[in-house]
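So this one's protein-v4.cif, mmCIF, C-alpha atoms:
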data_start
#
loop_
_atom_site.label_atom_id
_atom_site.label_comp_id
_atom_site.auth_asym_id
_atom_site.auth_seq_id
_atom_site.Cartn_x
_atom_site.Cartn_y
_atom_site.Cartn_z
CA MET E 1 30.16 -3.00 -13.56
CA SER E 2 32.01 -1.65 -10.61
CA GLY E 3 35.61 -2.45 -9.94
CA ALA E 4 35.50 -0.79 -6.53
CA LYS E 5 36.95 -2.90 -3.77
CA ALA E 6 36.90 -0.65 -0.72
CA ALA E 7 38.42 -2.15 2.42
CA SER E 8 35.80 -4.28 4.15
CA ARG E 9 37.39 -3.74 7.59
CA ILE E 10 38.48 -0.31 8.80
CA PRO E 11 40.57 0.45 11.90
CA LEU E 12 38.30 1.50 14.76
CA SER E 13 40.57 4.48 15.45
CA TYR E 14 39.71 5.98 12.03
CA VAL E 15 35.99 5.67 12.79
CA ALA E 16 36.34 7.08 16.30
CA VAL E 17 38.11 10.15 14.91
CA LEU E 18 36.31 10.72 11.62
CA VAL E 19 32.68 10.45 12.75
CA PRO E 20 32.77 13.20 15.44
CA VAL E 21 35.16 15.44 13.46
CA MET E 22 33.00 15.25 10.34
CA GLY E 23 29.90 15.87 12.47
CA ALA E 24 31.60 19.00 13.82
CA LEU E 25 32.52 20.07 10.28
CA ASN E 26 28.85 19.75 9.31
CA VAL E 27 27.75 21.86 12.30
CA VAL E 28 30.31 24.55 11.45
CA GLY E 29 29.16 24.57 7.80
CA GLY E 30 25.52 24.79 8.89
CA SER E 31 26.32 27.65 11.27
CA ILE E 32 28.13 29.60 8.54
CA ASN E 33 25.23 29.03 6.16
CA ASN E 34 22.74 30.08 8.84
CA ALA E 35 24.70 33.27 9.51
CA LEU E 36 25.01 34.17 5.83
CA LYS E 37 21.39 33.18 4.99
CA LEU E 38 22.46 31.38 1.81
CA PRO E 39 19.84 29.41 -0.19
CA ILE E 40 21.80 26.19 0.49
CA PHE E 41 22.69 24.21 3.67
CA LEU E 42 26.44 23.33 3.78
CA ASP E 43 25.77 20.78 6.54
CA MET E 44 26.53 17.60 4.61
CA ILE E 45 30.20 17.93 3.61
CA GLY E 46 31.34 15.81 6.58
CA THR E 47 28.55 13.33 5.91
CA MET E 48 29.90 12.82 2.39
CA VAL E 49 33.45 12.26 3.67
CA ALA E 50 32.31 9.79 6.36
CA ALA E 51 29.98 7.92 3.98
CA VAL E 52 32.69 7.45 1.33
CA ALA E 53 35.66 6.84 3.65
CA LEU E 54 33.91 4.61 6.21
CA GLY E 55 30.67 3.41 4.64
CA PRO E 56 27.09 4.58 4.10
CA TRP E 57 25.78 3.76 7.57
CA TRP E 58 28.69 5.45 9.32
CA GLY E 59 27.79 8.49 7.20
CA ALA E 60 24.19 8.15 8.39
CA LEU E 61 25.39 8.16 12.01
CA THR E 62 27.47 11.27 11.26
CA GLY E 63 24.42 12.95 9.72
CA ILE E 64 22.19 12.26 12.71
CA ILE E 65 24.86 13.42 15.15
CA THR E 66 25.12 16.61 13.05
CA ASN E 67 21.43 17.41 13.13
CA VAL E 68 20.98 16.55 16.81
CA ALA E 69 23.97 18.74 17.72
CA GLY E 70 22.78 21.42 15.30
CA ALA E 71 19.38 21.46 16.99
CA PHE E 72 21.07 22.67 20.19
CA THR E 73 23.45 25.14 18.53
CA ILE E 74 21.73 26.35 15.35
CA ASN E 75 17.99 25.66 15.10
CA PRO E 76 15.68 23.05 16.76
CA THR E 77 13.94 22.51 13.41
CA MET E 78 17.05 20.64 12.22
CA ILE E 79 16.13 17.39 14.00
CA PRO E 80 13.47 16.06 11.58
CA PHE E 81 15.84 16.87 8.71
CA SER E 82 18.26 14.26 10.06
CA LEU E 83 16.59 11.88 7.61
CA CYS E 84 17.80 14.07 4.72
CA ASN E 85 21.35 13.70 6.00
CA VAL E 86 20.80 9.92 6.20
CA VAL E 87 19.53 9.78 2.59
CA GLY E 88 22.57 11.79 1.44
CA ALA E 89 24.93 9.47 3.30
CA LEU E 90 23.34 6.38 1.74
CA VAL E 91 23.49 7.83 -1.78
CA TRP E 92 27.15 8.88 -1.45
CA GLY E 93 28.15 5.70 0.36
CA TYR E 94 26.45 3.22 -1.95
CA MET E 95 27.18 5.08 -5.20
CA ILE E 96 30.78 6.22 -4.66
CA ARG E 97 32.17 3.73 -2.12
CA ASN E 98 30.31 0.57 -3.11
CA ASN E 99 29.56 1.04 -6.82
CA GLY E 100 32.47 3.04 -8.24
CA TRP E 101 30.54 6.17 -9.19
CA GLY E 102 33.40 8.44 -8.10
CA ARG E 103 35.76 7.44 -10.91
CA THR E 104 35.41 10.57 -13.07
CA PRO E 105 34.32 14.19 -12.46
CA GLY E 106 31.33 13.65 -14.76
CA ARG E 107 30.13 10.71 -12.66
CA LEU E 108 30.58 12.78 -9.50
CA ILE E 109 28.34 15.49 -10.97
CA VAL E 110 25.70 12.80 -11.62
CA VAL E 111 26.07 11.62 -8.00
CA GLY E 112 25.61 15.23 -6.81
CA ILE E 113 22.45 15.66 -8.90
CA VAL E 114 20.96 12.29 -7.83
CA CYS E 115 21.78 13.08 -4.20
CA GLY E 116 20.22 16.56 -4.48
CA ILE E 117 17.00 15.19 -5.97
CA LEU E 118 16.61 12.31 -3.47
CA VAL E 119 17.41 14.53 -0.46
CA GLN E 120 14.87 17.09 -1.67
CA MET E 121 12.30 14.29 -2.06
CA MET E 122 12.94 13.42 1.59
CA ALA E 123 12.85 17.07 2.73
CA THR E 124 9.60 18.00 0.96
CA PRO E 125 7.17 15.97 3.13
CA ILE E 126 9.04 17.10 6.27
CA VAL E 127 8.73 20.78 5.27
CA VAL E 128 5.04 20.40 4.37
CA PHE E 129 3.66 17.97 6.96
CA VAL E 130 5.84 18.79 9.97
CA PHE E 131 6.37 22.52 9.51
CA GLY E 132 3.44 23.52 7.28
CA GLY E 133 5.80 24.99 4.68
CA ALA E 134 7.78 27.44 6.83
CA THR E 135 11.08 26.38 8.36
CA GLY E 136 12.85 29.74 8.56
CA HIS E 137 15.24 28.79 5.74
CA SER E 138 15.93 31.34 3.01
CA SER E 139 14.04 29.18 0.47
CA ASP E 140 10.74 29.95 2.29
CA ALA E 141 10.23 33.10 0.18
CA LEU E 142 10.60 31.07 -3.01
CA LEU E 143 8.14 28.48 -1.67
CA ALA E 144 5.62 31.24 -0.99
CA ALA E 145 6.10 32.55 -4.55
CA PHE E 146 5.50 29.08 -6.03
CA ALA E 147 2.41 28.61 -3.85
CA ALA E 148 1.10 32.06 -4.85
CA ALA E 149 1.48 31.00 -8.49
CA GLY E 150 -1.20 28.36 -7.83
CA ASN E 151 0.89 25.27 -7.12
CA SER E 152 0.15 22.84 -4.29
CA LEU E 153 2.28 23.11 -1.15
CA LEU E 154 4.06 19.82 -1.93
CA VAL E 155 4.96 20.90 -5.48
CA SER E 156 5.94 24.38 -4.29
CA SER E 157 8.15 22.98 -1.55
CA PHE E 158 9.91 20.56 -3.90
CA ALA E 159 10.36 23.13 -6.67
CA SER E 160 11.58 25.86 -4.33
CA GLY E 161 14.28 23.67 -2.82
CA ILE E 162 15.50 21.53 -5.71
CA THR E 163 18.04 23.92 -7.25
CA GLY E 164 19.43 24.82 -3.83
CA SER E 165 19.57 21.15 -2.86
CA ILE E 166 21.44 20.12 -6.02
CA ALA E 167 23.85 23.06 -5.58
CA ASP E 168 24.44 22.06 -1.96
CA LYS E 169 25.10 18.40 -2.78
CA MET E 170 27.38 19.36 -5.67
CA ILE E 171 29.45 21.56 -3.35
CA ALA E 172 29.44 18.85 -0.66
CA THR E 173 30.54 16.19 -3.18
CA PHE E 174 33.50 18.14 -4.53
CA VAL E 175 34.66 19.76 -1.27
CA GLY E 176 34.29 16.32 0.34
CA LEU E 177 36.38 14.87 -2.48
CA ALA E 178 39.15 17.39 -1.74
CA ILE E 179 39.04 16.36 1.94
CA LEU E 180 39.09 12.66 1.00
CA ARG E 181 42.20 13.17 -1.14
CA ALA E 182 43.91 14.83 1.82
CA LEU E 183 43.19 11.90 4.18
CA PRO E 184 45.69 9.05 4.68
CA SER E 185 45.71 6.85 1.59
CA GLY E 186 44.85 3.81 3.71
CA LEU E 187 41.39 5.27 4.32
CA THR E 188 40.53 5.64 0.66
CA ALA E 189 42.33 2.54 -0.62
CA GLY E 190 40.18 0.70 -3.14
CA ILE E 191 37.67 3.54 -3.50
CA GLU E 192 37.53 4.79 -7.09
CA LEU E 193 38.14 8.55 -7.05
CA PRO E 194 39.47 10.77 -9.86
CA LYS E 195 43.26 10.44 -10.01
CA ARG E 196 44.78 13.91 -9.69
CA ASP E 197 47.83 15.58 -8.18
CA ALA E 198 47.40 18.30 -5.52
CA THR E 199 46.76 21.04 -8.09
CA GLY E 200 44.34 18.80 -9.98
CA ASN E 201 42.44 18.12 -6.76
CA LEU E 202 42.16 21.85 -6.11
CA VAL E 203 40.96 22.52 -9.66
CA LEU E 204 38.42 19.70 -9.34
CA ALA E 205 37.11 21.01 -6.00
CA VAL E 206 36.87 24.59 -7.29
CA GLY E 207 35.20 23.34 -10.49
CA GLY E 208 32.63 21.36 -8.51
CA VAL E 209 31.90 24.31 -6.24
CA LEU E 210 31.47 26.53 -9.33
CA VAL E 211 28.89 24.09 -10.74
CA GLY E 212 27.06 24.37 -7.39
CA VAL E 213 27.31 28.16 -7.48
CA VAL E 214 25.77 28.15 -10.98
CA PHE E 215 22.74 26.33 -9.54
CA ILE E 216 22.51 28.93 -6.75
CA LEU E 217 22.69 31.78 -9.28
CA ILE E 218 19.97 30.10 -11.36
CA THR E 219 17.79 30.06 -8.23
CA ILE E 220 18.44 33.70 -7.40
CA PHE E 221 18.46 35.32 -10.85
CA VAL E 222 16.24 33.07 -13.00
CA VAL E 223 13.71 31.15 -10.89
CA LYS E 224 12.89 33.87 -8.36
CA PRO E 225 12.34 36.74 -10.86
CA ALA E 226 10.32 34.42 -13.12
CA LEU E 227 7.87 33.92 -10.26
CA GLY E 228 7.72 37.63 -9.52
CA MET A 1 51.94 -9.01 24.28
CA ALA A 2 49.60 -9.06 21.30
CA ASN A 3 49.08 -5.64 19.71
CA LYS A 4 46.15 -6.42 17.46
CA GLN A 5 44.48 -3.41 15.90
CA MET A 6 40.71 -3.28 16.42
CA THR A 7 38.76 -3.00 13.18
CA VAL A 8 35.13 -2.52 12.16
CA GLY A 9 33.36 -4.14 9.24
CA PRO A 10 29.96 -4.23 7.53
CA LYS A 11 28.21 -5.63 10.63
CA GLU A 12 29.43 -2.76 12.79
CA GLY A 13 28.43 -0.37 9.98
CA ALA A 14 24.87 -1.71 10.11
CA VAL A 15 24.93 -1.34 13.91
CA ALA A 16 25.97 2.31 13.40
CA GLY A 17 22.87 2.82 11.27
CA VAL A 18 20.60 1.23 13.88
CA VAL A 19 22.16 3.28 16.70
CA ALA A 20 21.79 6.42 14.54
CA MET A 21 18.07 5.71 14.14
CA GLY A 22 17.80 5.21 17.91
CA ILE A 23 19.42 8.60 18.56
CA PHE A 24 17.11 10.16 15.96
CA THR A 25 14.04 8.61 17.63
CA MET A 26 15.11 9.91 21.03
CA PHE A 27 15.49 13.50 19.89
CA ILE A 28 12.81 13.94 17.24
CA PRO A 29 10.19 15.44 19.64
CA MET A 30 12.59 18.36 20.13
CA GLY A 31 11.77 19.39 16.56
CA VAL A 32 8.35 20.62 17.75
CA ILE A 33 9.68 22.47 20.80
CA GLY A 34 9.15 25.89 19.21
CA PHE A 35 5.61 25.17 18.00
CA GLN A 36 2.79 27.27 19.38
CA GLY A 37 0.14 25.42 21.36
CA VAL A 38 2.20 22.37 22.29
CA ALA A 39 1.35 21.71 25.93
CA GLU A 40 4.38 20.97 28.11
CA THR A 41 2.88 17.83 29.65
CA ASN A 42 2.00 16.41 26.22
CA PHE A 43 5.47 17.21 25.00
CA LEU A 44 7.14 15.53 27.97
CA THR A 45 4.96 12.42 27.59
CA LEU A 46 5.81 12.20 23.89
CA TRP A 47 9.49 12.76 24.59
CA ALA A 48 9.57 10.14 27.36
CA MET A 49 7.99 7.57 25.03
CA ASN A 50 10.43 8.41 22.28
CA VAL A 51 13.39 8.10 24.65
CA LEU A 52 12.09 4.66 25.63
CA ILE A 53 11.68 3.54 22.00
CA GLY A 54 15.08 5.01 21.12
CA ALA A 55 16.69 3.12 23.99
CA PHE A 56 15.18 -0.13 22.69
CA VAL A 57 16.40 0.61 19.16
CA ILE A 58 19.93 1.32 20.42
CA GLY A 59 19.71 -1.83 22.56
CA SER A 60 18.79 -3.85 19.46
CA GLY A 61 21.82 -2.40 17.67
CA ILE A 62 24.07 -3.46 20.54
CA ALA A 63 22.45 -6.92 20.49
CA VAL A 64 23.36 -7.26 16.80
CA LEU A 65 26.92 -6.19 17.64
CA ARG A 66 27.22 -8.87 20.31
CA ALA A 67 25.57 -11.62 18.24
CA LYS A 68 27.83 -14.47 17.14
CA ASP A 69 27.53 -15.79 13.56
#
Write the structure described by the file as structure tokens, please.
Amino acid sequence: MSGAKAASRIPLSYVAVLVPVMGALNVVGGSINNALKLPIFLDMIGTMVAAVALGPWWGALTGIITNVAGAFTINPTMIPFSLCNVVGALVWGYMIRNNGWGRTPGRLIVVGIVCGILVQMMATPIVVFVFGGATGHSSDALLAAFAAAGNSLLVSSFASGITGSIADKMIATFVGLAILRALPSGLTAGIELPKRDATGNLVLAVGGVLVGVVFILITIFVVKPALG
Amino acid sequence: MANKQMTVGPKEGAVAGVVAMGIFTMFIPMGVIGFQGVAETNFLTLWAMNVLIGAFVIGSGIAVLRAKD
């Protein structure tokens, strides 16, 4: 059972500052990812912070603001994917903030994996039914390889994005955790997060990012060559 | 003079979710803006309808915010 007792009422000033700032952080992350053509997204770190610090639905608002703003600055195809950001916010918010799943690093890895799978389940029908399989993301080549191997478009889309999605959510979870630890303690009071000093937080964040990078490397060096 | 800090709770959180969905509804037609063969008049009609629905959704969120228990 959860022992989490996050504050039920939050000062409005925290919300008014965190939601737009975290939305901006998401847009910056998405822009960097778009420029580097990485097989991940990096546009949900702020969503994670808002969902855990403020609550799942504030995270959802942050996610939608991100994708609407990103549509003007990065790529118009981002708008339908707002729902992926919403799913991520709900998973992080309900699991970590409301149900105490942020207590240990191992539990946070589970949260990252669950979030990656559920977000990919949301993204797959959008990629297939709205965009016909091509969104311009770097995972399109992998999708084409899966489809050429005889899989349906839905299966190909899910399989091509799942490792990248889990890597992305893992990175978002642990980088977001580092940001959460740096926020005023009043904002995270009652939320169960791993207890670490500053160095421990850094080690935890780097460790989480490394787990995400392992998933990216699996995508690039194992999955892609296996498909030819 | 009272200096009471304004706070938000679960009800306002739910309103945030409803307002977020309203914003999403208003802008979702923009996702097809780069598609080939989408006529401008059809697009504008779709967008206008979505803006209307989105406005109603946001209005419902504000109504929840103003509702007294």
Got a sec to resolve the PyMOL selection byres ((chain A and resi 49-62) around 10) on this structure and send the residues as a list of chain:residue names?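 Given this file, the PyMOL selection byres ((chain A and resi 49-62) around 10) evaluates to A:Glu12, A:Ala14, A:Val15, A:Ala16, A:Gly17, A:Val18, A:Val19, A:Ala20, A:Met21, A:Gly22, A:Ile23, A:Phe24, A:Thr25, A:Met26, A:Phe27, A:Ile28, A:Pro29, A:Phe43, A:Leu44, A:Thr45, A:Leu46, A:Trp47, A:Ala48, A:Ala63, A:Val64, A:Leu65, A:Arg66, A:Ala67.
Rounded to one decimal, atom CA of E:Gly164 and atom CA of E:Val68 lie 22.3 Å from each other.
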Using only C-alpha atoms, find the residues of chain E whose closest atom to chain A is at most 9 Å away, then write them as a PyMOL selection string. chain E and resi 7-13+15+54-65+67-68+71+75-80+82-83+86+130-131
Dump as an mmCIF file, keeping the file's coordinate frame, selection limited to C-alpha atoms:
data_model
loop_
_atom_site.group_PDB
_atom_site.id
_atom_site.type_symbol
_atom_site.label_atom_id
_atom_site.label_comp_id
_atom_site.auth_asym_id
_atom_site.auth_seq_id
_atom_site.Cartn_x
_atom_site.Cartn_y
_atom_site.Cartn_z
ATOM 1 C CA ALA E 7 38.420 -2.150 2.420
ATOM 2 C CA SER E 8 35.800 -4.280 4.150
ATOM 3 C CA ARG E 9 37.390 -3.740 7.590
ATOM 4 C CA ILE E 10 38.480 -0.310 8.800
ATOM 5 C CA PRO E 11 40.570 0.450 11.900
ATOM 6 C CA LEU E 12 38.300 1.500 14.760
ATOM 7 C CA SER E 13 40.570 4.480 15.450
ATOM 8 C CA VAL E 15 35.990 5.670 12.790
ATOM 9 C CA LEU E 54 33.910 4.610 6.210
ATOM 10 C CA GLY E 55 30.670 3.410 4.640
ATOM 11 C CA PRO E 56 27.090 4.580 4.100
ATOM 12 C CA TRP E 57 25.780 3.760 7.570
ATOM 13 C CA TRP E 58 28.690 5.450 9.320
ATOM 14 C CA GLY E 59 27.790 8.490 7.200
ATOM 15 C CA ALA E 60 24.190 8.150 8.390
ATOM 16 C CA LEU E 61 25.390 8.160 12.010
ATOM 17 C CA THR E 62 27.470 11.270 11.260
ATOM 18 C CA GLY E 63 24.420 12.950 9.720
ATOM 19 C CA ILE E 64 22.190 12.260 12.710
ATOM 20 C CA ILE E 65 24.860 13.420 15.150
ATOM 21 C CA ASN E 67 21.430 17.410 13.130
ATOM 22 C CA VAL E 68 20.980 16.550 16.810
ATOM 23 C CA ALA E 71 19.380 21.460 16.990
ATOM 24 C CA ASN E 75 17.990 25.660 15.100
ATOM 25 C CA PRO E 76 15.680 23.050 16.760
ATOM 26 C CA THR E 77 13.940 22.510 13.410
ATOM 27 C CA MET E 78 17.050 20.640 12.220
ATOM 28 C CA ILE E 79 16.130 17.390 14.000
ATOM 29 C CA PRO E 80 13.470 16.060 11.580
ATOM 30 C CA SER E 82 18.260 14.260 10.060
ATOM 31 C CA LEU E 83 16.590 11.880 7.610
ATOM 32 C CA VAL E 86 20.800 9.920 6.200
ATOM 33 C CA VAL E 130 5.840 18.790 9.970
ATOM 34 C CA PHE E 131 6.370 22.520 9.510
#
Quick check on the file I pasted: which residues fall under the PyMOL selection byres ((chain E and resi 177-194) around 6)? Write them as a ChimeraX atom specification. /E:4-6,53,97,100,102-104,174-176,195,205
Please compute the atom CA of E:Gly106-atom CA of E:Ala51 distance, one decimal, in Å.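 If I compute the distance from atom CA of E:Gly106 to atom CA of E:Ala51, I get 19.6 Å.
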